[in-house]
$ cat protein.cif   # mmCIF, C-alpha atoms and all ligand atoms
data_start
#
loop_
_atom_site.group_PDB
_atom_site.id
_atom_site.type_symbol
_atom_site.label_atom_id
_atom_site.label_comp_id
_atom_site.auth_asym_id
_atom_site.auth_seq_id
_atom_site.Cartn_x
_atom_site.Cartn_y
_atom_site.Cartn_z
ATOM 1 C CA MET A 1 -21.478 10.721 0.416
ATOM 2 C CA GLY A 2 -20.768 9.060 3.759
ATOM 3 C CA LYS A 3 -19.917 5.602 4.886
ATOM 4 C CA LEU A 4 -23.578 4.684 5.118
ATOM 5 C CA ASP A 5 -24.509 5.110 1.461
ATOM 6 C CA LYS A 6 -23.637 1.625 0.444
ATOM 7 C CA TYR A 7 -25.816 0.197 3.202
ATOM 8 C CA ALA A 8 -28.858 2.266 2.333
ATOM 9 C CA ARG A 9 -30.813 -0.634 0.896
ATOM 10 C CA GLN A 10 -29.276 -3.385 2.966
ATOM 11 C CA SER A 11 -31.424 -5.463 5.275
ATOM 12 C CA LYS A 12 -30.824 -6.011 8.969
ATOM 13 C CA THR A 13 -29.262 -9.105 10.470
ATOM 14 C CA LYS A 14 -31.452 -11.658 12.255
ATOM 15 C CA GLU A 15 -29.223 -12.165 15.287
ATOM 16 C CA PRO A 16 -30.765 -11.404 18.721
ATOM 17 C CA SER A 17 -29.978 -7.807 19.535
ATOM 18 C CA LYS A 18 -29.125 -5.519 22.425
ATOM 19 C CA VAL A 19 -29.762 -1.822 22.762
ATOM 20 C CA LEU A 20 -26.982 0.722 22.968
ATOM 21 C CA PRO A 21 -28.278 4.098 24.112
ATOM 22 C CA ILE A 22 -26.089 6.829 22.697
ATOM 23 C CA ARG A 23 -26.081 10.335 24.113
ATOM 24 C CA LEU A 24 -25.298 12.964 21.478
ATOM 25 C CA PRO A 25 -24.989 16.742 21.403
ATOM 26 C CA GLU A 26 -28.160 18.162 19.873
ATOM 27 C CA SER A 27 -26.473 19.505 16.745
ATOM 28 C CA ILE A 28 -24.908 16.154 15.948
ATOM 29 C CA TYR A 29 -28.149 14.364 16.716
ATOM 30 C CA GLU A 30 -30.035 16.598 14.285
ATOM 31 C CA HIS A 31 -27.397 16.302 11.624
ATOM 32 C CA PHE A 32 -27.339 12.538 11.955
ATOM 33 C CA ARG A 33 -31.133 12.325 11.909
ATOM 34 C CA GLN A 34 -31.260 14.295 8.661
ATOM 35 C CA LEU A 35 -28.607 12.095 7.131
ATOM 36 C CA CYS A 36 -30.506 8.956 8.131
ATOM 37 C CA ASP A 37 -33.712 10.413 6.688
ATOM 38 C CA GLU A 38 -31.985 11.000 3.389
ATOM 39 C CA LEU A 39 -30.663 7.459 3.358
ATOM 40 C CA GLY A 40 -33.920 5.896 4.439
ATOM 41 C CA LEU A 41 -32.328 4.357 7.515
ATOM 42 C CA SER A 42 -33.441 4.516 11.110
ATOM 43 C CA MET A 43 -30.934 6.160 13.397
ATOM 44 C CA SER A 44 -30.312 2.952 15.275
ATOM 45 C CA GLU A 45 -29.796 1.073 12.011
ATOM 46 C CA ALA A 46 -27.290 3.663 10.887
ATOM 47 C CA GLY A 47 -25.522 3.602 14.243
ATOM 48 C CA PHE A 48 -25.273 -0.166 14.037
ATOM 49 C CA LEU A 49 -23.848 -0.064 10.517
ATOM 50 C CA LEU A 50 -21.241 2.515 11.473
ATOM 51 C CA ILE A 51 -20.143 0.523 14.491
ATOM 52 C CA ARG A 52 -20.050 -2.703 12.529
ATOM 53 C CA GLU A 53 -17.957 -1.071 9.820
ATOM 54 C CA GLU A 54 -15.563 0.249 12.430
ATOM 55 C CA LEU A 55 -15.163 -3.225 13.880
ATOM 56 C CA GLU A 56 -14.700 -4.793 10.465
ATOM 57 C CA ASP A 57 -12.163 -2.135 9.556
ATOM 58 C CA SER A 58 -10.006 -2.807 12.575
ATOM 59 C CA LEU A 59 -10.269 -6.523 11.928
ATOM 60 C CA TYR A 60 -9.279 -5.895 8.336
ATOM 61 C CA ASN A 61 -6.324 -3.711 9.316
ATOM 62 C CA GLU A 62 -5.020 -6.301 11.739
ATOM 63 C CA THR A 63 -5.064 -8.943 9.041
ATOM 64 C CA THR A 64 -3.527 -6.590 6.516
ATOM 65 C CA ASN A 65 -0.671 -5.728 8.858
ATOM 66 C CA GLU A 66 -0.086 -9.387 9.475
ATOM 67 C CA VAL A 67 0.063 -10.020 5.760
ATOM 68 C CA ALA A 68 2.437 -7.098 5.326
ATOM 69 C CA VAL A 69 4.744 -8.417 8.032
ATOM 70 C CA THR A 70 4.677 -11.890 6.553
ATOM 71 C CA THR A 71 5.349 -10.582 3.062
ATOM 72 C CA GLU A 72 8.259 -8.546 4.360
ATOM 73 C CA ARG A 73 9.666 -11.603 6.089
ATOM 74 C CA ILE A 74 9.398 -13.652 2.921
ATOM 75 C CA GLN A 75 11.053 -10.922 0.881
ATOM 76 C CA LYS A 76 13.863 -10.644 3.416
ATOM 77 C CA SER A 77 14.536 -14.370 3.405
ATOM 78 C CA ILE A 78 14.519 -14.365 -0.391
ATOM 79 C CA HIS A 79 16.986 -11.528 -0.305
ATOM 80 C CA HIS A 80 19.224 -13.249 2.219
ATOM 81 C CA GLU A 81 19.391 -16.431 0.222
ATOM 82 C CA GLY A 82 20.776 -14.339 -2.587
ATOM 83 C CA THR A 83 18.697 -13.434 -5.571
ATOM 84 C CA PRO A 84 19.742 -15.570 -8.516
ATOM 85 C CA TYR A 85 19.245 -12.723 -10.919
ATOM 86 C CA THR A 86 20.321 -9.133 -10.923
ATOM 87 C CA LYS A 87 19.245 -6.382 -13.219
ATOM 88 C CA ASN A 88 21.992 -4.429 -14.906
ATOM 89 C CA ASP A 89 21.581 -1.016 -16.468
ATOM 90 C CA THR A 90 20.355 -2.345 -19.778
ATOM 91 C CA GLY A 91 17.498 -4.114 -17.992
ATOM 92 C CA LYS A 92 18.729 -7.512 -19.089
ATOM 93 C CA LEU A 93 18.782 -10.300 -16.545
ATOM 94 C CA SER A 94 22.189 -11.724 -15.916
ATOM 95 C CA SER A 95 22.931 -14.705 -13.769
ATOM 96 C CA PHE A 96 25.238 -14.612 -10.770
ATOM 97 C CA SER A 97 26.282 -18.168 -11.427
ATOM 98 C CA THR A 98 28.273 -17.094 -14.450
ATOM 99 C CA ARG A 99 31.216 -15.176 -13.066
ATOM 100 C CA TRP A 100 31.403 -11.637 -14.356
ATOM 101 C CA THR A 101 34.394 -10.856 -16.538
ATOM 102 C CA SER A 102 35.550 -7.629 -18.076
ATOM 103 C CA ILE A 103 36.190 -9.313 -21.404
ATOM 104 C CA ALA A 104 33.424 -7.404 -23.187
ATOM 105 C CA TYR A 105 35.175 -4.140 -22.364
ATOM 106 C CA GLU A 106 38.743 -5.171 -23.064
ATOM 107 C CA ILE A 107 40.759 -3.851 -25.960
ATOM 108 C CA GLU A 108 44.369 -4.972 -26.243
ATOM 109 C CA ASN A 109 44.401 -5.996 -22.594
ATOM 110 C CA GLU A 110 43.261 -2.574 -21.514
ATOM 111 C CA LEU A 111 40.079 -1.377 -19.904
ATOM 112 C CA PRO A 112 38.463 2.055 -20.133
ATOM 113 C CA CYS A 113 37.936 4.139 -17.013
ATOM 114 C CA PRO A 114 34.799 6.167 -17.686
ATOM 115 C CA LEU A 115 35.630 8.598 -14.899
ATOM 116 C CA CYS A 116 39.147 9.439 -16.065
ATOM 117 C CA HIS A 117 38.257 8.893 -19.712
ATOM 118 C CA HIS A 118 41.494 6.987 -19.985
ATOM 119 C CA TRP A 119 42.562 3.428 -20.746
ATOM 120 C CA TYR A 120 44.431 1.391 -18.152
ATOM 121 C CA SER A 121 45.994 -2.021 -18.333
ATOM 122 C CA LYS A 122 43.614 -4.812 -17.418
ATOM 123 C CA ALA A 123 46.025 -6.107 -14.781
ATOM 124 C CA ASN A 124 45.992 -2.834 -12.873
ATOM 125 C CA PHE A 125 42.402 -1.962 -13.464
ATOM 126 C CA SER A 126 40.866 -3.287 -10.285
ATOM 127 C CA ARG A 127 43.472 -1.356 -8.317
ATOM 128 C CA HIS A 128 42.529 1.704 -10.343
ATOM 129 C CA ALA A 129 38.845 1.125 -9.661
ATOM 130 C CA LYS A 130 39.691 1.179 -5.962
ATOM 131 C CA ASN A 131 40.933 4.742 -6.400
ATOM 132 C CA HIS A 132 37.348 5.580 -7.327
ATOM 133 C CA ASN A 133 36.110 3.595 -4.334
ATOM 134 C CA THR A 134 34.486 1.013 -6.559
ATOM 135 C CA THR A 135 35.094 -2.279 -8.328
ATOM 136 C CA THR A 136 35.902 -2.987 -11.957
ATOM 137 C CA LYS A 137 32.408 -4.362 -12.543
ATOM 138 C CA GLU A 138 30.693 -1.424 -10.843
ATOM 139 C CA LEU A 139 32.818 1.139 -12.584
ATOM 140 C CA LEU A 140 32.198 -0.303 -16.031
ATOM 141 C CA GLU A 141 28.556 -1.235 -15.623
ATOM 142 C CA SER A 142 27.326 1.896 -13.919
ATOM 143 C CA ASN A 143 28.925 4.096 -16.567
ATOM 144 C CA GLU A 144 28.131 1.897 -19.515
ATOM 145 C CA GLU A 145 27.341 4.772 -21.864
ATOM 146 C CA VAL A 146 30.709 6.451 -21.406
ATOM 147 C CA VAL A 147 32.431 3.088 -21.530
ATOM 148 C CA ASN A 148 30.744 2.217 -24.817
ATOM 149 C CA THR A 149 31.664 5.586 -26.252
ATOM 150 C CA MET A 150 35.267 5.057 -25.243
ATOM 151 C CA ILE A 151 35.294 1.589 -26.761
ATOM 152 C CA ASN A 152 33.828 2.905 -30.008
ATOM 153 C CA GLU A 153 36.324 5.757 -30.145
ATOM 154 C CA ARG A 154 39.175 3.344 -29.583
ATOM 155 C CA LYS A 155 37.906 0.979 -32.245
ATOM 156 C CA LEU A 156 37.816 3.853 -34.713
ATOM 157 C CA THR A 157 41.409 4.884 -34.013
ATOM 158 C CA THR A 158 42.898 1.393 -34.207
HETATM 159 ZN ZN ZN A 201 39.728 6.398 -13.324
#

$ encode --input "protein.cif" --output "structure tokens"
Amino acid sequence: MGKLDKYARQSKTKEPSKVLPIRLPESIYEHFRQLCDELGLSMSEAGFLLIREELEDSLYNETTNEVAVTTERIQKSIHHEGTPYTKNDTGKLSSFSTRWTSIAYEIENELPCPLCHHWYSKANFSRHAKNHNTTTKELLESNEEVVNTMINERKLTT
């Protein structure tokens, strides 16, 4: 049911206490009294537990936000330093330290354009990729399926 359930059988603290008189509309008072009856708590006990939970919650949220901010900062700095690995479409990890080459896609010094479905000379390919507002690597890797199909087709005809 409510927030108080889990405290139903919990004992009171032994710290010296102060009294907080709370004025409530009659309907809420009655409702709360019934709830406390059901839970076996006195109304002041229940009031205390609610207030304490509220205070602990806000304490918790403050810490959580701090953690979130810190985590974000760490992630940003990791990102800025350059992630050593990048995931390509096949889900394999490839290292940035090895320079990417188009060699895997080359056939007779030509490269396939998956968008035009046409083969272009390797020397002109990066200029061609620019026509599609992209780079050779991007063009080939983000359309790997078409590229592979084109490569297979070409292998069959030669
Ligand atoms: Zn093209």

$ atom_distance --input "protein.cif" --atom1 "CA of Thr136 (chain A)" --atom2 "CA of Ser102 (chain A)"
7.7 Å

$ closest_atom_pairs --input "protein.cif" --of "chain A" --to "ligand ZN 201 (chain A)" --cutoff "9 Å" --atoms "only C-alpha atoms and all ligand atoms" --output "CSV"
residue,atom,partner,partner_atom,distance
A:Pro112,CA,A:ZN201,ZN,8.2
A:Cys113,CA,A:ZN201,ZN,4.7
A:Pro114,CA,A:ZN201,ZN,6.6
A:Leu115,CA,A:ZN201,ZN,4.9
A:Cys116,CA,A:ZN201,ZN,4.1
A:His117,CA,A:ZN201,ZN,7.0
A:His118,CA,A:ZN201,ZN,6.9
A:Trp119,CA,A:ZN201,ZN,8.5
A:Tyr120,CA,A:ZN201,ZN,8.4
A:Phe125,CA,A:ZN201,ZN,8.8
A:His128,CA,A:ZN201,ZN,6.2
A:Ala129,CA,A:ZN201,ZN,6.5
A:Asn131,CA,A:ZN201,ZN,7.2
A:His132,CA,A:ZN201,ZN,6.5
A:Leu139,CA,A:ZN201,ZN,8.7

$ write_last_selection --input "protein.cif" --atoms "C-alpha atoms" --output "PDB file, in the coordinates of the input"
ATOM      1  CA  PRO A 112      38.463   2.055 -20.133  1.00  0.00           C
ATOM      2  CA  CYS A 113      37.936   4.139 -17.013  1.00  0.00           C
ATOM      3  CA  PRO A 114      34.799   6.167 -17.686  1.00  0.00           C
ATOM      4  CA  LEU A 115      35.630   8.598 -14.899  1.00  0.00           C
ATOM      5  CA  CYS A 116      39.147   9.439 -16.065  1.00  0.00           C
ATOM      6  CA  HIS A 117      38.257   8.893 -19.712  1.00  0.00           C
ATOM      7  CA  HIS A 118      41.494   6.987 -19.985  1.00  0.00           C
ATOM      8  CA  TRP A 119      42.562   3.428 -20.746  1.00  0.00           C
ATOM      9  CA  TYR A 120      44.431   1.391 -18.152  1.00  0.00           C
ATOM     10  CA  PHE A 125      42.402  -1.962 -13.464  1.00  0.00           C
ATOM     11  CA  HIS A 128      42.529   1.704 -10.343  1.00  0.00           C
ATOM     12  CA  ALA A 129      38.845   1.125  -9.661  1.00  0.00           C
ATOM     13  CA  ASN A 131      40.933   4.742  -6.400  1.00  0.00           C
ATOM     14  CA  HIS A 132      37.348   5.580  -7.327  1.00  0.00           C
ATOM     15  CA  LEU A 139      32.818   1.139 -12.584  1.00  0.00           C
TER      16      LEU A 139
END

$ resolve_selection --input "protein.cif" --expression "the PyMOL selection byres (((chain A and resi 16-26) around 12) and not hetatm)" --output "list in words"
Lys12, Thr13, Lys14, Glu15, Ser27, Ile28, Tyr29, Glu30, His31, Phe32, Arg33, Met43, Ser44, Glu45, Gly47, Phe48 and Ile51 of chain A

$ atom_distance --input "protein.cif" --atom1 "CA of Lys155 (chain A)" --atom2 "CA of Thr101 (chain A)"
20.0 Å

$ resolve_selection --input "protein.cif" --expression "the PyMOL selection byres (((chain A and resi 142) around 12) and not hetatm)" --output "PyMOL selection string"
chain A and resi 87-90+113-115+134-141+143-148

$ atom_distance --input "protein.cif" --atom1 "CA of Leu4 (chain A)" --atom2 "CA of Ala46 (chain A)"
6.9 Å

$ closest_residue --input "protein.cif" --among "A:Leu41, A:Trp100, A:Arg127, A:Ile107" --to "Ile151 (chain A)" --atoms "all atoms listed in the file"
A:Ile107
